[in-house]
file structure09.cif (mmCIF, C-alpha atoms)
data_work
#
loop_
_atom_site.label_atom_id
_atom_site.label_comp_id
_atom_site.auth_asym_id
_atom_site.auth_seq_id
_atom_site.Cartn_x
_atom_site.Cartn_y
_atom_site.Cartn_z
CA MET A 243 -1.83 -20.98 196.47
CA SER A 244 1.01 -20.81 193.95
CA THR A 245 0.34 -21.31 190.26
CA VAL A 246 2.38 -22.58 187.36
CA SER A 247 2.21 -20.95 183.90
CA THR A 248 1.38 -23.27 180.98
CA GLY A 249 2.82 -21.09 178.18
CA LYS A 250 2.07 -18.16 175.95
CA THR A 251 -1.73 -18.33 176.37
CA GLY A 252 -1.43 -16.97 179.88
CA LYS A 253 -3.39 -19.85 181.44
CA THR A 254 -2.29 -21.11 184.84
CA GLU A 255 -2.52 -24.51 186.41
CA SER A 256 -2.47 -25.36 190.08
CA PRO A 257 0.31 -27.73 191.23
CA ARG A 258 -2.35 -29.64 193.14
CA ARG A 259 -4.31 -30.14 189.90
CA ARG A 260 -1.20 -31.51 188.23
CA GLU A 261 -0.71 -33.97 191.07
CA THR A 262 -4.24 -35.37 190.64
CA GLY A 263 -3.41 -36.89 187.26
CA VAL A 264 -4.08 -34.13 184.72
CA ARG A 265 -1.75 -34.95 181.82
CA THR A 266 0.48 -32.25 180.32
CA THR A 267 1.22 -32.83 176.62
CA THR A 268 4.77 -33.00 175.37
CA THR A 269 6.27 -31.59 172.20
CA GLY A 270 6.10 -35.04 170.64
CA ASP A 271 2.40 -35.35 171.47
CA ARG A 272 1.62 -31.98 169.94
CA LEU A 273 3.63 -32.65 166.79
CA LYS A 274 1.93 -36.03 166.40
CA ALA A 275 -1.52 -34.49 166.74
CA LEU A 276 -0.74 -31.67 164.31
CA GLY A 277 0.85 -34.06 161.82
CA ARG A 278 -2.11 -36.45 161.98
CA ALA A 279 -4.58 -33.63 161.35
CA GLU A 280 -2.53 -32.26 158.46
CA PHE A 281 -2.17 -35.72 156.94
CA SER A 282 -5.96 -36.13 156.96
CA LEU A 283 -6.33 -32.81 155.15
CA LEU A 284 -3.67 -33.80 152.61
CA VAL A 285 -5.40 -37.11 151.85
CA ARG A 286 -8.74 -35.35 151.35
CA ASN A 287 -7.22 -32.83 148.94
CA ARG A 288 -7.01 -35.00 145.83
CA THR A 289 -5.35 -32.33 143.71
CA ALA A 290 -2.53 -31.79 146.21
CA LEU A 291 -2.11 -35.53 146.72
CA PHE A 292 -1.96 -36.21 142.97
CA THR A 293 0.57 -33.41 142.49
CA ALA A 294 2.75 -34.70 145.33
CA LEU A 295 2.63 -38.36 144.28
CA PHE A 296 2.53 -38.48 140.49
CA VAL A 297 3.74 -35.21 138.99
CA PRO A 298 7.39 -35.78 140.12
CA LEU A 299 7.32 -39.25 138.57
CA GLY A 300 6.02 -37.83 135.31
CA MET A 301 8.77 -35.23 135.38
CA ILE A 302 11.38 -38.01 135.33
CA VAL A 303 10.30 -38.78 131.78
CA ALA A 304 10.68 -35.10 130.84
CA ILE A 305 14.11 -34.98 132.45
CA ARG A 306 15.22 -38.07 130.56
CA GLU A 307 13.99 -36.62 127.27
CA SER A 308 15.86 -33.36 127.87
CA LEU A 309 19.07 -35.21 128.73
CA GLY A 310 18.88 -37.13 125.46
CA ARG A 311 20.06 -33.96 123.70
CA ILE A 312 22.95 -33.30 126.11
CA ASP A 313 26.36 -34.96 126.15
CA LEU A 314 26.95 -36.43 129.62
CA GLY A 315 30.05 -38.35 128.64
CA ASP A 316 32.53 -36.34 130.73
CA SER A 317 30.29 -36.22 133.82
CA GLY A 318 30.54 -39.93 134.60
CA ILE A 319 26.75 -40.12 135.00
CA SER A 320 24.39 -42.05 132.73
CA VAL A 321 21.15 -40.55 131.45
CA ILE A 322 19.00 -42.77 133.68
CA GLU A 323 21.10 -41.94 136.75
CA ALA A 324 20.80 -38.22 136.08
CA SER A 325 17.07 -38.64 135.51
CA MET A 326 16.48 -40.47 138.79
CA THR A 327 18.51 -38.06 140.92
CA GLY A 328 16.74 -35.19 139.21
CA GLY A 329 13.47 -36.97 139.98
CA ILE A 330 14.28 -36.85 143.68
CA GLY A 331 14.79 -33.12 143.31
CA MET A 332 11.36 -32.86 141.68
CA VAL A 333 9.84 -34.77 144.60
CA LEU A 334 11.34 -32.23 147.00
CA MET A 335 10.17 -29.28 144.91
CA MET A 336 6.62 -30.53 144.31
CA ALA A 337 5.76 -32.62 147.37
CA VAL A 338 7.44 -30.31 149.87
CA TYR A 339 7.91 -26.80 148.52
CA GLY A 340 4.82 -26.54 146.35
CA SER A 341 2.53 -28.54 148.62
CA LEU A 342 3.56 -26.76 151.81
CA THR A 343 3.35 -23.27 150.31
CA SER A 344 -0.29 -24.03 149.48
CA ALA A 345 -0.89 -25.66 152.87
CA TYR A 346 0.49 -22.78 154.93
CA THR A 347 -1.47 -20.29 152.84
CA ALA A 348 -4.71 -22.28 153.12
CA ARG A 349 -4.40 -22.76 156.90
CA ARG A 350 -3.71 -19.04 157.33
CA GLU A 351 -6.65 -17.91 155.21
CA GLU A 352 -8.97 -20.38 156.95
CA LEU A 353 -7.88 -18.99 160.38
CA VAL A 354 -6.53 -22.40 161.38
CA LEU A 355 -3.09 -21.00 162.24
CA LYS A 356 -4.64 -18.21 164.30
CA ARG A 357 -6.69 -20.71 166.33
CA LEU A 358 -3.71 -23.01 166.85
CA ARG A 359 -1.71 -20.13 168.34
CA THR A 360 -4.27 -19.81 171.15
CA MET A 361 -3.55 -23.39 172.21
CA GLU A 362 -0.57 -25.03 173.84
CA ALA A 363 1.60 -25.58 170.74
CA SER A 364 4.38 -23.08 170.09
CA ASP A 365 4.80 -21.30 166.77
CA ARG A 366 7.67 -23.60 165.81
CA GLU A 367 5.62 -26.70 166.64
CA ILE A 368 2.73 -25.46 164.51
CA LEU A 369 4.97 -24.92 161.49
CA VAL A 370 6.84 -28.22 161.90
CA GLY A 371 3.66 -30.20 162.60
CA THR A 372 2.07 -28.83 159.44
CA ALA A 373 5.15 -29.83 157.42
CA LEU A 374 5.54 -33.38 158.77
CA PRO A 375 3.14 -35.24 156.40
CA ALA A 376 4.56 -33.62 153.25
CA ALA A 377 8.13 -34.19 154.40
CA GLY A 378 7.42 -37.81 155.34
CA LEU A 379 5.71 -38.44 152.02
CA ALA A 380 8.64 -36.98 150.09
CA PHE A 381 11.15 -39.05 152.06
CA VAL A 382 9.22 -42.29 151.42
CA GLN A 383 8.82 -41.44 147.72
CA SER A 384 12.56 -40.83 147.43
CA ALA A 385 13.37 -44.12 149.16
CA VAL A 386 11.03 -46.03 146.84
CA MET A 387 12.51 -44.35 143.76
CA ILE A 388 16.04 -45.24 144.85
CA ALA A 389 15.13 -48.86 145.58
CA ALA A 390 13.24 -49.22 142.28
CA ALA A 391 16.07 -47.66 140.27
CA VAL A 392 18.64 -50.01 141.79
CA ALA A 393 16.43 -53.08 141.44
CA PHE A 394 14.98 -52.56 137.97
CA LEU A 395 16.92 -49.86 136.10
CA ASP A 396 20.50 -51.01 136.67
CA VAL A 397 21.42 -47.86 138.62
CA ARG A 398 24.25 -48.00 141.11
CA ALA A 399 23.35 -48.63 144.74
CA PRO A 400 23.94 -45.62 147.04
CA GLN A 401 27.69 -45.14 147.32
CA GLN A 402 27.57 -43.03 150.49
CA PRO A 403 24.23 -43.67 152.25
CA VAL A 404 24.94 -41.25 155.10
CA VAL A 405 25.59 -38.40 152.65
CA LEU A 406 22.47 -39.34 150.68
CA VAL A 407 20.23 -39.30 153.76
CA GLY A 408 21.88 -36.08 154.94
CA GLY A 409 21.17 -34.47 151.58
CA LEU A 410 17.54 -35.57 151.68
CA LEU A 411 17.06 -34.23 155.19
CA ALA A 412 18.79 -30.97 154.27
CA GLY A 413 16.47 -30.60 151.28
CA LEU A 414 13.38 -31.33 153.37
CA VAL A 415 14.25 -28.77 156.04
CA LEU A 416 15.35 -26.11 153.55
CA LEU A 417 12.33 -26.40 151.27
CA GLY A 418 9.95 -26.58 154.22
CA ALA A 419 11.36 -23.28 155.50
CA LEU A 420 11.30 -21.77 152.01
CA ALA A 421 7.64 -22.82 151.67
CA ALA A 422 6.74 -21.03 154.90
CA ALA A 423 8.61 -17.93 153.75
CA THR A 424 6.96 -18.01 150.31
CA SER A 425 3.49 -18.31 151.85
CA ALA A 426 4.03 -14.90 153.46
CA PHE A 427 3.89 -13.38 149.97
CA THR A 428 1.06 -15.61 148.72
CA ARG A 429 -2.46 -14.19 149.00
CA THR A 430 -4.49 -17.26 148.05
CA VAL A 431 -4.01 -20.97 147.51
CA GLU A 432 -4.54 -20.44 143.78
CA SER A 433 -1.79 -17.81 143.58
CA ALA A 434 0.66 -20.24 145.22
CA GLN A 435 1.19 -21.76 141.76
CA ILE A 436 2.61 -18.37 140.72
CA THR A 437 4.65 -17.47 143.80
CA ILE A 438 6.51 -20.79 143.83
CA MET A 439 7.44 -20.49 140.15
CA PRO A 440 10.60 -18.31 140.44
CA LEU A 441 12.41 -20.68 142.82
CA PHE A 442 11.03 -23.69 140.97
CA MET A 443 12.34 -22.55 137.59
CA ILE A 444 15.70 -21.44 138.98
CA SER A 445 16.17 -24.79 140.70
CA VAL A 446 15.06 -26.86 137.72
CA ILE A 447 17.44 -25.06 135.39
CA GLY A 448 20.41 -24.33 137.64
CA SER A 449 20.45 -26.72 140.61
CA GLY A 450 21.06 -29.94 138.73
CA LEU A 451 17.50 -31.26 138.44
CA PHE A 452 17.33 -31.37 134.64
CA VAL A 453 21.01 -30.99 133.80
CA PRO A 454 23.83 -32.11 136.16
CA LEU A 455 26.23 -29.32 137.01
CA GLU A 456 29.06 -31.48 135.68
CA ALA A 457 27.61 -31.06 132.19
CA LEU A 458 27.58 -27.24 132.39
CA PRO A 459 30.47 -24.88 131.52
CA GLU A 460 32.73 -24.34 134.52
CA ARG A 461 31.84 -20.69 135.07
CA THR A 462 28.11 -21.36 134.79
CA ALA A 463 28.38 -24.31 137.17
CA SER A 464 30.21 -22.15 139.72
CA LEU A 465 27.36 -19.62 139.68
CA CYS A 466 24.74 -22.36 139.95
CA GLU A 467 26.46 -23.71 143.06
CA LEU A 468 25.25 -20.57 144.88
CA LEU A 469 21.56 -21.29 144.26
CA PRO A 470 19.38 -22.37 147.23
CA VAL A 471 18.70 -25.99 146.28
CA THR A 472 22.07 -26.80 144.70
CA GLY A 473 23.78 -27.78 147.96
CA ALA A 474 21.14 -30.36 148.87
CA MET A 475 21.06 -31.73 145.32
CA THR A 476 24.85 -32.05 145.26
CA LEU A 477 24.75 -34.09 148.47
CA ILE A 478 21.94 -36.29 147.13
CA ARG A 479 23.71 -36.99 143.85
CA ALA A 480 27.09 -37.58 145.54
CA GLY A 481 25.54 -39.82 148.18
CA TRP A 482 23.81 -41.94 145.58
CA LEU A 483 26.31 -42.00 142.70
CA GLY A 484 29.58 -41.04 144.41
CA GLY A 485 32.37 -39.16 142.66
CA ALA A 486 32.47 -36.07 144.88
CA GLU A 487 35.49 -35.12 146.98
CA GLY A 488 35.45 -34.08 150.61
CA ASN A 489 35.81 -30.38 149.85
CA ASP A 490 32.89 -30.50 147.42
CA LEU A 491 30.69 -32.20 150.01
CA LEU A 492 31.69 -29.69 152.67
CA GLY A 493 30.92 -26.78 150.36
CA ALA A 494 27.52 -28.27 149.46
CA ALA A 495 26.68 -28.83 153.12
CA LEU A 496 27.66 -25.26 154.03
CA SER A 497 25.60 -23.89 151.16
CA ALA A 498 22.53 -25.83 152.29
CA LEU A 499 23.08 -24.70 155.89
CA VAL A 500 23.45 -21.03 154.99
CA TRP A 501 20.30 -21.05 152.84
CA THR A 502 18.40 -22.84 155.61
CA ILE A 503 19.45 -20.21 158.16
CA LEU A 504 18.42 -17.42 155.80
CA SER A 505 15.08 -19.13 155.16
CA VAL A 506 14.38 -19.56 158.88
CA PHE A 507 15.21 -15.89 159.42
CA ALA A 508 12.79 -14.96 156.63
CA VAL A 509 10.06 -17.01 158.29
CA GLN A 510 10.67 -15.35 161.64
CA ARG A 511 10.63 -11.93 160.03
CA TRP A 512 7.78 -12.15 157.51
CA PHE A 513 5.59 -15.20 158.13
CA ARG A 514 1.90 -14.25 158.48
CA TRP A 515 -0.40 -15.94 160.98
CA GLU A 516 -3.56 -14.10 159.99
CA PRO A 517 -5.28 -13.68 156.61
CA ARG A 518 -3.91 -11.06 154.22
CA ARG A 519 -6.29 -8.14 153.74
#
call {"tool": "encode", "arguments": {"input": "structure09.cif", "output": "C-alpha cells"}}
result
Amino acid sequence: MSTVSTGKTGKTESPRRRETGVRTTTTGDRLKALGRAEFSLLVRNRTALFTALFVPLGMIVAIRESLGRIDLGDSGISVIEASMTGGIGMVLMMAVYGSLTSAYTARREELVLKRLRTMEASDREILVGTALPAAGLAFVQSAVMIAAAVAFLDVRAPQQPVVLVGGLLAGLVLLGALAAATSAFTRTVESAQITIMPLFMISVIGSGLFVPLEALPERTASLCELLPVTGAMTLIRAGWLGGAEGNDLLGAALSALVWTILSVFAVQRWFRWEPRR
C-alpha cells in the first residue's frame, strides 16, 4: 500500500485513511490554533498585558513634554500630531518588539517551541502564530489612537490611508522579525528588558518617535533615515499627516523592506529553538 508523507515529522498517512474522513489541518487552522493559545498566555501575563496596553499611552505624555522644548514650526506638524504619531511608534516598539522578544524567549526556555516543532506546524507557522496576538493588539491600539486623535484632539484625518496601513503592516512585520532575532541573544525573560534596549533607544531618538526627522539638522536626519524603524515610521507619519513626496515614500518603503529581509535572514541564521545552556 502506498503512503503519503505528512511533513517534517516523518509520519505517514494511508490514502485510504484520508478517504475515510480524517481531516488534515490547513495553514490557517494551525495559525488560528497557535494564535489562540498565545493570546490566552498573553492575557494571563498581567505584566506583559499592562506593558503592551498602557505604557505606550503613557509615553505619549512624555513625547509631548519633550516636544514642548523643540521648535516644530518649519516641519508643518503640530506638537499633538507629532505626539500621536510617535505614540504609534511606541505601540509598535512595546506591544510588538518588547512583548514578542519576551514571548519567544519564554516559549523557548519552557520547551514549548521544541514541542511544537514535533507537530504538524512548520517553523514559519510557529513563529507567525506566536506573533499574531501581539501584532493584532498593536494594530487595534493604533486604530483606536488614530480615531480618538481625530475625534477629540483636532488632529487631521489620515491623508493617505493606504500608505498609513502599509506603514503599520511594515512596522508589524519588521519588529516581529527583529523580536525573533533578538530572542536568539536573550538568555531569560528578565534579560529581555536589556537586550531590547539598544534598538529601543536608537529608534526613540533617531527614528522620529520623540522628535520628527523634519525637526533635525539635515545631515543628522539623513543618517537617521538609515535606521531600522525609520522607514515604517516615515510611512505612518506621511500616511496620517501627508506632506511626503513620492520619492520619499519609495525610499521609506525600500528601507523598511531591506531591514525586514535582513531581519528574516537573521532569524533563519541564529534563532534558537531550544533553551540556551
call {"tool": "residues_around", "arguments": {"input": "structure09.cif", "residues": "range 447-451 of chain A", "least_positions_apart": "5", "cutoff": "7 Å", "atoms": "all atoms listed in the file", "output": "short mmCIF file (atom, residue, chain, number, x, y, z; two decimals) with C-alpha atoms, in the frame of the given file"}}
result
data_model
loop_
_atom_site.label_atom_id
_atom_site.label_comp_id
_atom_site.auth_asym_id
_atom_site.auth_seq_id
_atom_site.Cartn_x
_atom_site.Cartn_y
_atom_site.Cartn_z
CA GLY A 328 16.74 -35.19 139.21
CA GLY A 331 14.79 -33.12 143.31
CA CYS A 466 24.74 -22.36 139.95
CA LEU A 469 21.56 -21.29 144.26
CA VAL A 471 18.70 -25.99 146.28
CA THR A 472 22.07 -26.80 144.70
CA MET A 475 21.06 -31.73 145.32
#
call {"tool": "closest_residue", "arguments": {"input": "structure09.cif", "among": "A:Ile438, A:Ser282, A:Ala363, A:Ile478", "to": "Pro403 in chain A", "atoms": "all atoms listed in the file"}}
result
A:Ile478
call {"tool": "atom_distance", "arguments": {"input": "structure09.cif", "atom1": "CA of Ile322 in chain A", "atom2": "CA of Gly418 in chain A"}}
result
27.7 Å
call {"tool": "residues_near_point", "arguments": {"input": "structure09.cif", "point": "(6.8, -29.5, 158.7)", "cutoff": "12 Å", "atoms": "all atoms listed in the file", "output": "VMD selection string"}}
result
chain A and resid 273 to 274 276 to 278 280 to 281 337 to 339 341 to 343 345 to 346 365 to 380 411 414 to 422
call {"tool": "residues_near_point", "arguments": {"input": "structure09.cif", "point": "(11.0, -26.6, 142.0)", "cutoff": "7 Å", "atoms": "only C-alpha atoms", "output": "ChimeraX atom specification"}}
result
/A:332,335-336,441-443,445-446
call {"tool": "resolve_selection", "arguments": {"input": "structure09.cif", "expression": "the PyMOL selection byres ((chain A and resi 498) around 7)", "output": "PyMOL selection string"}}
result
chain A and resi 412+470+473-474+494-497+499-502
call {"tool": "residues_around", "arguments": {"input": "structure09.cif", "residues": "Leu491 in chain A", "least_positions_apart": "5", "cutoff": "9 Å", "atoms": "only C-alpha atoms", "output": "list in words"}}
result
Val405, Gly473, Thr476, Leu477, Ala480, Ala486 and Leu496 of chain A
call {"tool": "atom_distance", "arguments": {"input": "structure09.cif", "atom1": "CA of Arg288 in chain A", "atom2": "CA of Ala389 in chain A"}}
result
26.1 Å
call {"tool": "closest_residue", "arguments": {"input": "structure09.cif", "among": "A:Arg461, A:Val407, A:Gly340, A:Glu467", "to": "Met439 in chain A", "atoms": "all atoms listed in the file"}}
result
A:Gly340
call {"tool": "decode", "arguments": {"input": "structure09.cif", "residues": "range 464-475 of chain A", "atoms": "all heavy atoms", "output": "compact mmCIF listing (two decimals), in the first residue's frame"}}
result
# COMPACT_ATOMS: atom_id res chain seq x y z
N SER A 464 19.45 62.67 7.59
CA SER A 464 19.85 61.73 6.55
C SER A 464 20.42 60.45 7.14
O SER A 464 20.15 59.34 6.65
CB SER A 464 20.88 62.38 5.62
OG SER A 464 20.34 63.51 4.97
N LEU A 465 21.20 60.58 8.21
CA LEU A 465 21.74 59.39 8.88
C LEU A 465 20.64 58.60 9.57
O LEU A 465 20.62 57.37 9.53
CB LEU A 465 22.81 59.81 9.90
CG LEU A 465 24.11 60.38 9.33
CD1 LEU A 465 25.02 60.87 10.46
CD2 LEU A 465 24.84 59.34 8.48
N CYS A 466 19.70 59.30 10.18
CA CYS A 466 18.61 58.63 10.89
C CYS A 466 17.68 57.87 9.93
O CYS A 466 17.02 56.91 10.34
CB CYS A 466 17.80 59.65 11.68
SG CYS A 466 18.68 60.32 13.11
N GLU A 467 17.63 58.30 8.68
CA GLU A 467 16.81 57.60 7.69
C GLU A 467 17.28 56.17 7.45
O GLU A 467 16.53 55.34 6.93
CB GLU A 467 16.80 58.38 6.38
CG GLU A 467 16.00 59.67 6.44
CD GLU A 467 16.12 60.48 5.16
OE1 GLU A 467 16.90 60.06 4.27
OE2 GLU A 467 15.45 61.53 5.05
N LEU A 468 18.52 55.86 7.83
CA LEU A 468 19.07 54.53 7.61
C LEU A 468 18.76 53.57 8.76
O LEU A 468 19.06 52.38 8.66
CB LEU A 468 20.60 54.62 7.43
CG LEU A 468 21.09 55.52 6.29
CD1 LEU A 468 22.61 55.58 6.29
CD2 LEU A 468 20.57 55.03 4.95
N LEU A 469 18.17 54.06 9.84
CA LEU A 469 17.89 53.21 11.00
C LEU A 469 16.74 52.25 10.70
O LEU A 469 15.89 52.53 9.84
CB LEU A 469 17.55 54.09 12.21
CG LEU A 469 18.69 55.00 12.69
CD1 LEU A 469 18.20 55.89 13.83
CD2 LEU A 469 19.89 54.18 13.12
N PRO A 470 16.67 51.13 11.41
CA PRO A 470 15.68 50.08 11.07
C PRO A 470 14.23 50.53 11.05
O PRO A 470 13.47 50.16 10.15
CB PRO A 470 15.93 49.02 12.16
CG PRO A 470 17.34 49.21 12.57
CD PRO A 470 17.60 50.68 12.48
N VAL A 471 13.81 51.29 12.06
CA VAL A 471 12.39 51.60 12.19
C VAL A 471 11.99 52.88 11.46
O VAL A 471 10.80 53.17 11.30
CB VAL A 471 12.02 51.71 13.70
CG1 VAL A 471 10.53 51.92 13.90
CG2 VAL A 471 12.46 50.45 14.44
N THR A 472 12.95 53.64 10.96
CA THR A 472 12.65 54.94 10.36
C THR A 472 11.74 54.81 9.14
O THR A 472 10.82 55.62 8.95
CB THR A 472 13.95 55.66 9.96
OG1 THR A 472 14.77 55.81 11.12
CG2 THR A 472 13.65 57.02 9.37
N GLY A 473 11.97 53.81 8.30
CA GLY A 473 11.16 53.66 7.09
C GLY A 473 9.69 53.48 7.42
O GLY A 473 8.82 54.15 6.85
N ALA A 474 9.39 52.59 8.36
CA ALA A 474 7.99 52.35 8.74
C ALA A 474 7.39 53.60 9.36
O ALA A 474 6.23 53.96 9.08
CB ALA A 474 7.91 51.17 9.70
N MET A 475 8.15 54.29 10.23
CA MET A 475 7.63 55.49 10.87
C MET A 475 7.39 56.61 9.86
O MET A 475 6.42 57.37 9.98
CB MET A 475 8.60 55.97 11.94
CG MET A 475 8.57 55.16 13.23
SD MET A 475 6.92 55.12 13.99
CE MET A 475 6.59 56.86 14.22
